[in-house]
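One file, target-v9.csv, is given below (CSV, C-alpha atoms and all ligand atoms).
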```csv
chain,number,residue,atom,x,y,z
A,16,MET,CA,71.8,-14.0,-2.5
A,17,ASP,CA,75.4,-13.1,-3.2
A,18,GLU,CA,75.5,-9.8,-1.4
A,19,LYS,CA,74.5,-11.5,1.8
A,20,SER,CA,77.6,-13.7,1.9
A,21,LEU,CA,80.7,-12.7,3.8
A,22,ALA,CA,82.5,-12.5,0.4
A,23,GLY,CA,79.8,-10.0,-0.7
A,24,VAL,CA,80.4,-7.9,2.4
A,25,ASN,CA,84.2,-8.0,1.9
A,26,ARG,CA,83.7,-7.0,-1.8
A,27,LYS,CA,81.6,-4.0,-0.8
A,28,PHE,CA,84.2,-3.1,1.8
A,29,ASN,CA,87.1,-3.3,-0.7
A,30,ALA,CA,85.1,-1.4,-3.3
A,31,ARG,CA,84.9,1.4,-0.7
A,32,LYS,CA,88.7,1.4,-0.3
A,33,GLN,CA,89.2,1.4,-4.1
A,34,GLU,CA,86.8,4.4,-4.4
A,35,ARG,CA,88.9,6.2,-1.8
A,36,ASP,CA,92.2,5.4,-3.6
A,37,ALA,CA,90.7,6.6,-6.9
A,38,LEU,CA,89.6,9.8,-5.3
A,39,LEU,CA,93.0,10.4,-3.8
A,40,SER,CA,94.9,9.8,-7.1
A,41,ALA,CA,92.4,12.1,-9.0
A,42,ARG,CA,93.2,14.8,-6.4
A,43,GLN,CA,96.9,14.2,-6.7
A,44,GLU,CA,96.8,14.6,-10.5
A,45,GLU,CA,94.7,17.8,-10.1
A,46,VAL,CA,97.2,19.2,-7.7
A,47,TYR,CA,100.2,18.2,-9.8
A,48,ARG,CA,98.8,20.0,-12.8
A,49,ALA,CA,98.1,23.1,-10.7
A,50,VAL,CA,101.3,23.1,-8.7
A,51,PRO,CA,104.1,21.1,-10.4
A,52,ARG,CA,106.5,21.8,-7.5
A,53,ILE,CA,104.4,19.4,-5.4
A,54,ARG,CA,105.2,16.6,-7.8
A,55,GLU,CA,108.9,17.4,-7.4
A,56,ILE,CA,108.5,17.3,-3.6
A,57,ASP,CA,106.7,13.9,-3.8
A,58,ASN,CA,109.4,12.5,-6.0
A,59,ALA,CA,112.1,13.9,-3.6
A,60,LEU,CA,110.4,12.3,-0.7
A,61,PHE,CA,110.2,9.0,-2.4
A,62,GLY,CA,113.9,9.3,-3.5
A,63,GLY,CA,114.8,10.3,0.1
A,64,GLY,CA,113.2,7.2,1.4
A,65,MET,CA,115.1,5.0,-1.1
A,66,ARG,CA,118.3,6.8,-0.2
A,67,MET,CA,117.7,6.3,3.5
A,68,LEU,CA,117.2,2.6,2.9
A,69,SER,CA,120.5,2.3,0.9
A,70,ALA,CA,122.4,4.4,3.5
A,71,VAL,CA,121.3,2.0,6.2
A,72,TRP,CA,122.3,-0.9,3.9
A,73,ASP,CA,125.7,0.7,3.2
A,74,GLY,CA,126.3,1.5,6.8
A,75,THR,CA,127.1,5.2,6.2
A,76,GLY,CA,125.7,6.1,9.6
A,77,THR,CA,123.8,4.4,12.4
A,78,PRO,CA,120.2,3.6,11.3
A,79,GLU,CA,119.0,6.1,14.0
A,80,GLU,CA,121.1,9.0,12.6
A,81,ILE,CA,119.9,8.2,9.1
A,82,ALA,CA,116.3,8.0,10.1
A,83,GLU,CA,116.5,11.2,12.0
A,84,GLN,CA,118.0,13.0,9.1
A,85,TYR,CA,115.3,11.7,6.8
A,86,ALA,CA,112.5,12.7,9.2
A,87,ARG,CA,113.9,16.2,9.3
A,88,GLU,CA,114.0,16.4,5.5
A,89,ALA,CA,110.5,14.9,5.3
A,90,ALA,CA,109.0,17.4,7.8
A,91,ARG,CA,110.5,20.3,5.8
A,92,TYR,CA,109.0,19.0,2.6
A,93,ALA,CA,105.6,18.4,4.3
A,94,ALA,CA,105.5,22.0,5.6
A,95,GLU,CA,106.4,23.3,2.1
A,96,LYS,CA,103.7,21.1,0.6
A,97,LYS,CA,101.0,22.4,2.9
A,98,MET,CA,102.0,26.0,2.2
A,99,LEU,CA,101.8,25.4,-1.5
A,100,LEU,CA,98.4,23.7,-1.2
A,101,ARG,CA,97.1,26.6,0.8
A,102,GLU,CA,98.5,29.2,-1.7
A,103,ALA,CA,96.9,27.3,-4.6
A,104,GLY,CA,93.5,27.5,-2.8
A,105,PHE,CA,93.3,23.8,-1.8
A,106,GLY,CA,92.7,22.8,1.8
A,107,THR,CA,95.9,21.8,3.5
A,108,ASP,CA,94.4,18.3,4.1
A,109,TYR,CA,93.5,17.9,0.4
A,110,LEU,CA,96.0,15.2,-0.2
A,111,ASP,CA,95.5,13.4,3.1
A,112,ILE,CA,94.0,10.0,2.7
A,113,PRO,CA,90.2,10.5,2.7
A,114,TYR,CA,89.3,7.5,4.9
A,115,THR,CA,85.6,6.5,5.0
A,116,CYS,CA,86.2,5.5,8.6
A,117,PRO,CA,89.0,7.3,10.3
A,118,HIS,CA,88.7,5.0,13.3
A,119,CYS,CA,90.0,1.9,11.6
A,120,LYS,CA,91.6,3.7,8.6
A,121,ASP,CA,89.3,1.5,6.4
A,122,THR,CA,90.9,-1.7,7.6
A,123,GLY,CA,87.7,-2.8,9.3
A,124,MET,CA,89.8,-3.9,12.3
A,125,ARG,CA,90.5,-2.2,15.6
A,126,ASP,CA,92.5,-3.4,18.7
A,127,SER,CA,89.3,-4.5,20.3
A,128,GLY,CA,88.2,-6.5,17.2
A,129,LEU,CA,86.0,-5.7,14.2
A,130,CYS,CA,85.2,-2.0,13.7
A,131,SER,CA,81.7,-0.7,13.8
A,132,CYS,CA,81.8,0.4,10.2
A,133,TYR,CA,82.4,-3.2,9.1
A,134,LEU,CA,79.7,-4.5,11.6
A,135,THR,CA,77.3,-2.1,10.0
A,136,LEU,CA,78.0,-3.4,6.5
A,137,LEU,CA,77.7,-7.0,7.8
A,138,SER,CA,74.4,-6.4,9.6
A,139,GLU,CA,73.0,-4.5,6.6
A,140,ALA,CA,73.8,-7.4,4.4
A,141,LEU,CA,72.1,-9.9,6.7
A,142,THR,CA,69.0,-8.0,7.5
A,143,GLU,CA,66.6,-6.2,5.3
A,144,GLU,CA,66.8,-3.0,7.4
A,145,SER,CA,70.2,-1.8,8.3
A,146,GLY,CA,71.7,-2.3,11.8
A,147,MET,CA,72.0,1.5,12.0
A,148,GLY,CA,69.7,2.9,9.3
A,149,LYS,CA,70.0,6.3,7.9
A,150,LEU,CA,67.2,7.6,10.0
A,151,LEU,CA,68.9,6.4,13.2
A,152,ARG,CA,72.1,8.2,12.3
A,153,LYS,CA,70.2,11.5,12.4
A,154,GLN,CA,68.9,10.8,15.9
A,155,THR,CA,71.5,12.6,18.1
A,156,PHE,CA,71.3,14.2,21.5
A,157,ASP,CA,71.4,17.6,19.8
A,158,ALA,CA,68.4,16.7,17.7
A,159,PHE,CA,66.4,15.5,20.7
A,160,ASP,CA,63.5,17.9,21.4
A,161,ILE,CA,62.5,17.8,25.1
A,162,ARG,CA,59.6,20.2,24.3
A,163,LEU,CA,57.7,17.3,22.8
A,164,TYR,CA,57.1,16.0,26.3
A,165,ALA,CA,54.2,17.6,28.2
A,166,ASP,CA,55.1,19.6,31.3
A,167,THR,CA,51.8,18.9,33.0
A,168,PRO,CA,51.4,16.3,35.7
A,169,ILE,CA,49.9,12.9,34.8
A,170,GLU,CA,48.0,10.5,37.0
A,171,GLY,CA,50.1,8.1,39.0
A,172,GLN,CA,53.5,9.9,38.4
A,173,THR,CA,55.3,12.4,40.6
A,174,LEU,CA,57.3,13.9,37.8
A,175,THR,CA,55.7,15.5,34.6
A,176,PRO,CA,56.7,13.6,31.4
A,177,ARG,CA,59.1,16.4,30.6
A,178,LYS,CA,60.8,16.5,34.0
A,179,ASN,CA,61.1,12.7,33.9
A,180,MET,CA,62.6,12.9,30.4
A,181,GLU,CA,65.0,15.5,31.5
A,182,SER,CA,66.4,13.2,34.1
A,183,ILE,CA,66.5,10.2,31.7
A,184,LEU,CA,68.3,12.4,29.1
A,185,ARG,CA,70.9,13.3,31.8
A,186,ILE,CA,71.5,9.7,32.6
A,187,CYS,CA,71.8,8.7,28.9
A,188,ARG,CA,74.2,11.6,28.2
A,189,ALA,CA,76.3,10.5,31.2
A,190,PHE,CA,76.2,6.9,30.0
A,191,ALA,CA,77.6,7.9,26.7
A,192,ALA,CA,80.1,10.5,28.1
A,193,ASP,CA,81.5,8.1,30.7
A,194,PHE,CA,81.3,4.9,28.6
A,195,GLU,CA,85.0,4.0,28.5
A,196,ASN,CA,85.4,4.3,32.3
A,197,HIS,CA,82.1,2.9,33.5
A,198,ALA,CA,80.3,0.0,31.9
A,199,ASP,CA,76.7,0.2,32.7
A,200,ASN,CA,73.5,-1.3,31.2
A,201,LEU,CA,70.3,0.5,30.4
A,202,LEU,CA,66.7,-0.6,30.2
A,203,LEU,CA,64.5,1.9,28.4
A,204,TYR,CA,60.9,0.9,28.9
A,205,GLY,CA,57.5,2.4,28.3
A,206,ASN,CA,54.7,2.6,25.7
A,207,PRO,CA,55.5,2.8,22.0
A,208,GLY,CA,56.3,6.2,20.5
A,209,LEU,CA,58.0,7.8,23.4
A,210,GLY,CA,61.5,8.2,22.0
A,211,LYS,CA,63.2,5.0,23.3
A,212,THR,CA,64.8,4.2,19.9
A,213,PHE,CA,65.8,7.9,19.6
A,214,LEU,CA,67.6,7.8,22.9
A,215,SER,CA,69.5,4.6,22.1
A,216,SER,CA,70.5,5.8,18.7
A,217,ALA,CA,71.7,9.1,20.2
A,218,ILE,CA,74.0,7.1,22.5
A,219,ALA,CA,75.1,4.9,19.6
A,220,ASN,CA,75.9,7.9,17.4
A,221,GLU,CA,78.0,9.5,20.1
A,222,LEU,CA,79.9,6.3,20.8
A,223,LEU,CA,80.4,5.6,17.1
A,224,SER,CA,81.9,9.1,16.7
A,225,ARG,CA,84.5,8.1,19.3
A,226,GLY,CA,85.3,4.9,17.4
A,227,ILE,CA,83.6,2.6,20.0
A,228,SER,CA,82.0,-0.5,18.4
A,229,VAL,CA,78.3,-0.6,18.6
A,230,LEU,CA,75.9,-3.2,17.2
A,231,TYR,CA,72.3,-2.2,16.8
A,232,GLN,CA,69.8,-5.0,16.3
A,233,SER,CA,66.1,-5.5,17.0
A,234,ALA,CA,65.3,-8.4,19.3
A,235,GLY,CA,63.7,-10.1,16.3
A,236,GLN,CA,66.9,-9.8,14.2
A,237,ILE,CA,68.9,-11.3,17.1
A,238,ALA,CA,66.4,-14.1,17.5
A,239,ASP,CA,66.6,-14.9,13.8
A,240,LEU,CA,70.3,-14.7,13.8
A,241,LEU,CA,70.6,-17.2,16.6
A,242,SER,CA,68.0,-19.6,15.4
A,243,ASP,CA,69.4,-19.5,11.8
A,244,ALA,CA,72.8,-20.2,13.3
A,245,ARG,CA,71.4,-23.2,15.1
A,246,PHE,CA,69.8,-24.7,12.1
A,247,SER,CA,72.6,-23.4,9.8
A,248,ARG,CA,70.3,-21.7,7.5
A,249,GLY,CA,71.5,-18.8,5.3
A,250,ASP,CA,75.1,-18.0,4.9
A,251,GLY,CA,76.8,-19.7,7.8
A,252,GLU,CA,80.0,-17.7,7.7
A,253,ALA,CA,78.5,-14.2,7.7
A,254,ARG,CA,76.0,-15.1,10.4
A,255,SER,CA,78.6,-16.7,12.6
A,256,VAL,CA,80.8,-13.5,12.4
A,257,LEU,CA,77.8,-11.4,13.3
A,258,LYS,CA,76.7,-13.8,16.0
A,259,SER,CA,80.1,-13.7,17.7
A,260,GLN,CA,79.9,-9.9,17.6
A,261,LEU,CA,76.7,-10.0,19.7
A,262,LEU,CA,79.0,-11.0,22.6
A,263,LYS,CA,82.1,-9.0,21.6
A,264,VAL,CA,81.0,-5.5,20.6
A,265,ASP,CA,81.5,-2.7,23.2
A,266,LEU,CA,77.9,-1.8,23.2
A,267,LEU,CA,75.0,-4.0,22.0
A,268,ILE,CA,71.6,-2.3,21.6
A,269,ILE,CA,68.7,-4.7,21.6
A,270,ASP,CA,65.7,-2.8,20.3
A,271,ASP,CA,62.1,-3.7,20.8
A,272,LEU,CA,62.5,-6.6,23.1
A,273,GLY,CA,59.3,-8.6,23.3
A,274,THR,CA,58.0,-7.9,19.8
A,275,GLU,CA,59.7,-11.0,18.3
A,276,PHE,CA,58.1,-14.4,18.2
A,277,ILE,CA,59.0,-16.0,21.5
A,278,ASN,CA,59.4,-19.7,22.2
A,279,SER,CA,61.6,-21.5,24.7
A,280,MET,CA,64.5,-21.3,22.2
A,281,THR,CA,64.2,-17.6,21.8
A,282,ASP,CA,64.1,-17.2,25.5
A,283,ALA,CA,67.2,-19.3,26.0
A,284,ASP,CA,69.0,-17.5,23.2
A,285,MET,CA,68.2,-14.0,24.5
A,286,PHE,CA,69.1,-15.0,28.0
A,287,TYR,CA,72.4,-16.3,26.7
A,288,VAL,CA,73.2,-13.0,25.0
A,289,VAL,CA,72.2,-10.9,28.0
A,290,ASN,CA,73.9,-13.1,30.5
A,291,SER,CA,77.1,-13.6,28.6
A,292,ARG,CA,77.5,-9.9,28.2
A,293,LEU,CA,77.0,-9.3,31.9
A,294,LEU,CA,79.6,-11.9,32.7
A,295,ALA,CA,82.1,-10.3,30.2
A,296,GLU,CA,81.2,-6.9,31.7
A,297,LYS,CA,80.1,-5.6,28.3
A,298,SER,CA,77.4,-2.9,28.1
A,299,THR,CA,74.0,-3.6,26.7
A,300,ILE,CA,71.0,-1.3,26.1
A,301,ILE,CA,67.6,-2.9,25.9
A,302,SER,CA,64.5,-1.0,24.8
A,303,THR,CA,61.0,-2.5,25.2
A,304,ASN,CA,57.3,-1.7,25.3
A,305,LEU,CA,56.9,-4.3,28.0
A,306,ALA,CA,56.2,-3.3,31.6
A,307,LEU,CA,58.7,-4.8,34.0
A,308,PRO,CA,56.6,-7.7,35.3
A,309,ASP,CA,55.7,-8.6,31.7
A,310,ILE,CA,59.4,-9.2,30.9
A,311,GLY,CA,59.3,-12.0,33.5
A,312,ARG,CA,56.0,-13.3,31.9
A,313,VAL,CA,57.0,-13.1,28.3
A,314,TYR,CA,60.6,-14.3,29.0
A,315,SER,CA,61.7,-16.2,32.0
A,316,ASP,CA,62.2,-15.0,35.6
A,317,ARG,CA,65.9,-15.4,35.2
A,318,MET,CA,65.9,-12.9,32.4
A,319,LEU,CA,63.9,-10.5,34.5
A,320,SER,CA,66.2,-11.0,37.5
A,321,ARG,CA,69.3,-10.2,35.4
A,322,ILE,CA,67.7,-7.0,34.2
A,323,LEU,CA,66.5,-6.0,37.6
A,324,GLY,CA,69.8,-6.7,39.2
A,325,HIS,CA,72.2,-5.2,36.6
A,326,TYR,CA,70.4,-2.6,34.5
A,327,THR,CA,69.6,1.1,35.2
A,328,LYS,CA,65.9,1.1,34.6
A,329,LEU,CA,64.5,4.2,32.8
A,330,HIS,CA,60.7,4.4,32.6
A,331,ILE,CA,59.5,6.7,29.9
A,332,TYR,CA,55.9,7.9,30.0
A,333,GLY,CA,53.6,10.5,28.5
A,334,ALA,CA,51.7,10.9,25.2
A,335,ASP,CA,52.9,9.4,21.9
A,336,ILE,CA,55.3,12.0,20.5
A,337,ARG,CA,55.4,10.4,17.0
A,338,ASN,CA,52.1,12.1,16.3
A,339,ILE,CA,53.7,15.4,17.2
A,340,ARG,CA,56.8,15.0,15.0
A,341,GLY,CA,58.2,11.9,13.4
A,342,MET,CA,60.5,10.7,16.2
A,401,ZN,ZN,86.0,1.5,10.7
```

Before we go any further, please render this structure as structure tokens.
Amino acid sequence: MDEKSLAGVNRKFNARKQERDALLSARQEEVYRAVPRIREIDNALFGGGMRMLSAVWDGTGTPEEIAEQYAREAARYAAEKKMLLREAGFGTDYLDIPYTCPHCKDTGMRDSGLCSCYLTLLSEALTEESGMGKLLRKQTFDAFDIRLYADTPIEGQTLTPRKNMESILRICRAFAADFENHADNLLLYGNPGLGKTFLSSAIANELLSRGISVLYQSAGQIADLLSDARFSRGDGEARSVLKSQLLKVDLLIIDDLGTEFINSMTDADMFYVVNSRLLAEKSTIISTNLALPDIGRVYSDRMLSRILGHYTKLHIYGADIRNIRGM
């Protein structure tokens, strides 16, 4: 199970960087063949950098003067290069480094810790399904179809399913838009097939596009991760990195709470995650098919009281929309 080890993840990560570098050098050769002047410019830039270093070394000017002169020269060359690229029919960004992840520039690290692109690789390696699978990546606010919710009243509810969903959608959009300034927690609850996973993926996708770290795991995956860590099963290192991220990521999405096998350990583990994140003022989204009172029955009352006290509770109701279109 080599690909599941941390070394396996790092290998995959480095392979991505090598692919990127190979792509860039192939582009460079292509451009050099088409526009030889660009090779001269690159050589001149490299030579200029070396001259700058030796000028600083020889003390022919203050380092600031020398650096400023070099920057002016480099800017002139860069402008010429862009013009030549455009004239030759390449995009002006054709020779920019094609990062797989522009947020961390493929380093896997950001100021706040591990980047989501690395977390995704890690959770993909540790779980059969990915943390943020391909399907989930397509689930965006723009793809959300409110017409799937009936606009006719249903028994026991004041709002029609559609009116209710419109207001939930507004709250979810605001949650994503205002994430950096206002850490909130969401509980999405209601029967299966009403778009709970879709909504949390839409939030995740929007935050990921802004470079915010998000970890998406089912409650079952989290329970396995924590119990494996306790009994040191599997690859200890990779699991402990992912486990520490449960507490550190900017947003943790716990999908399908209540479907995992629950014993007193699971309850304690899940409470530990939920409570620690509250104390650290880190946002969490929980989705569940359980009704509110059942959360207290399946888990403990202290879990229910944390959720009641600190989560915005969004109740989704209506007919199963998966039958209408695969949501
Ligand atoms: Zn990244």

Quiz item: Residues within 6 Å of ligand ZN 401 (chain A) (only C-alpha atoms and all ligand atoms), as an NGL selection string?
Solution: :A and (116 or 118-119 or 121 or 123 or 130-132)

Written selection (C-alpha atoms) as a short mmCIF file (atom, residue, chain, number, x, y, z; two decimals), in the coordinates of the input:
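again29.cif, freshly written:
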```
data_model
loop_
_atom_site.label_atom_id
_atom_site.label_comp_id
_atom_site.auth_asym_id
_atom_site.auth_seq_id
_atom_site.Cartn_x
_atom_site.Cartn_y
_atom_site.Cartn_z
CA CYS A 116 86.20 5.50 8.60
CA HIS A 118 88.70 5.00 13.30
CA CYS A 119 90.00 1.90 11.60
CA ASP A 121 89.30 1.50 6.40
CA GLY A 123 87.70 -2.80 9.30
CA CYS A 130 85.20 -2.00 13.70
CA SER A 131 81.70 -0.70 13.80
CA CYS A 132 81.80 0.40 10.20
#
```

Quiz prompt | Residues near Leu21 of chain A, cut-off 6 Å, only C-alpha atoms, skip fewer than 2 positions along chain, as a ChimeraX atom specification | solution = /A:23-24,253

Practice problem: Please provide the set of residues having any atom within 12 Å of Ile218 of chain A, restricted to all atoms listed in the file, with same-chain residues fewer than 6 positions apart removed, written as a VMD selection string. | Solution: chain A and resid 151 to 157 159 184 to 194 201 211 to 212 224 to 225 227 to 231 266 to 268 298 to 300

Self-check item: Contacts of Ser233 of chain A at 8 Å (all atoms listed in the file; same-chain gap of 6+ positions) as a PyMOL selection string
Solution: chain A and resi 268-272

Output for the residues just chosen: C-alpha atoms as a PDB file, in the frame of the given file:
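Saved to out_0.pdb:
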```pdb
ATOM      1  CA  ILE A 268      71.600  -2.300  21.600  1.00  0.00           C
ATOM      2  CA  ILE A 269      68.700  -4.700  21.600  1.00  0.00           C
ATOM      3  CA  ASP A 270      65.700  -2.800  20.300  1.00  0.00           C
ATOM      4  CA  ASP A 271      62.100  -3.700  20.800  1.00  0.00           C
ATOM      5  CA  LEU A 272      62.500  -6.600  23.100  1.00  0.00           C
TER       6      LEU A 272
END
```

Exercise. Would you mind listing what lies within 12 Å of Arg317 of chain A as a list of chain:residue names, with all atoms listed in the file counted and same-chain residues fewer than 3 positions away left out?
Key: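 Close residues of Arg317 of chain A: A:Asp282, A:Ala283, A:Met285, A:Phe286, A:Tyr287, A:Val289, A:Asn290, A:Ile310, A:Gly311, A:Arg312, A:Val313, A:Tyr314, A:Ser320, A:Arg321, A:Ile322, A:Leu323, A:Gly324.
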
Exercise. Would you work out the distance separating atom CA of Thr107 of chain A from atom CA of Gly62 of chain A, expressed in Å to one decimal?
Key: 23.0 Å

Quiz prompt | Using only C-alpha atoms: which of A:Leu99, A:Ala238, A:Ala90, A:Leu110 has the shortest distance to Ser279 of chain A | solution =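 Under the stated criterion, the closest residue is A:Ala238.
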
Self-check item: A:Asp265, A:Asp111, A:Glu181, A:Asp73 ranked by distance to His197 of chain A, top pick (using all atoms listed in the file)
Solution: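 Comparing A:Asp265, A:Asp111, A:Glu181, A:Asp73 against His197 of chain A, the winner is A:Asp265.
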
Quiz prompt | Among the residues A:Ile112, A:Ala70, A:Gly63, A:Ile237, the one that comes closest to Tyr92 of chain A [using only C-alpha atoms] | solution =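 Residue with the minimum atom-to-atom distance to Tyr92 of chain A: A:Gly63.
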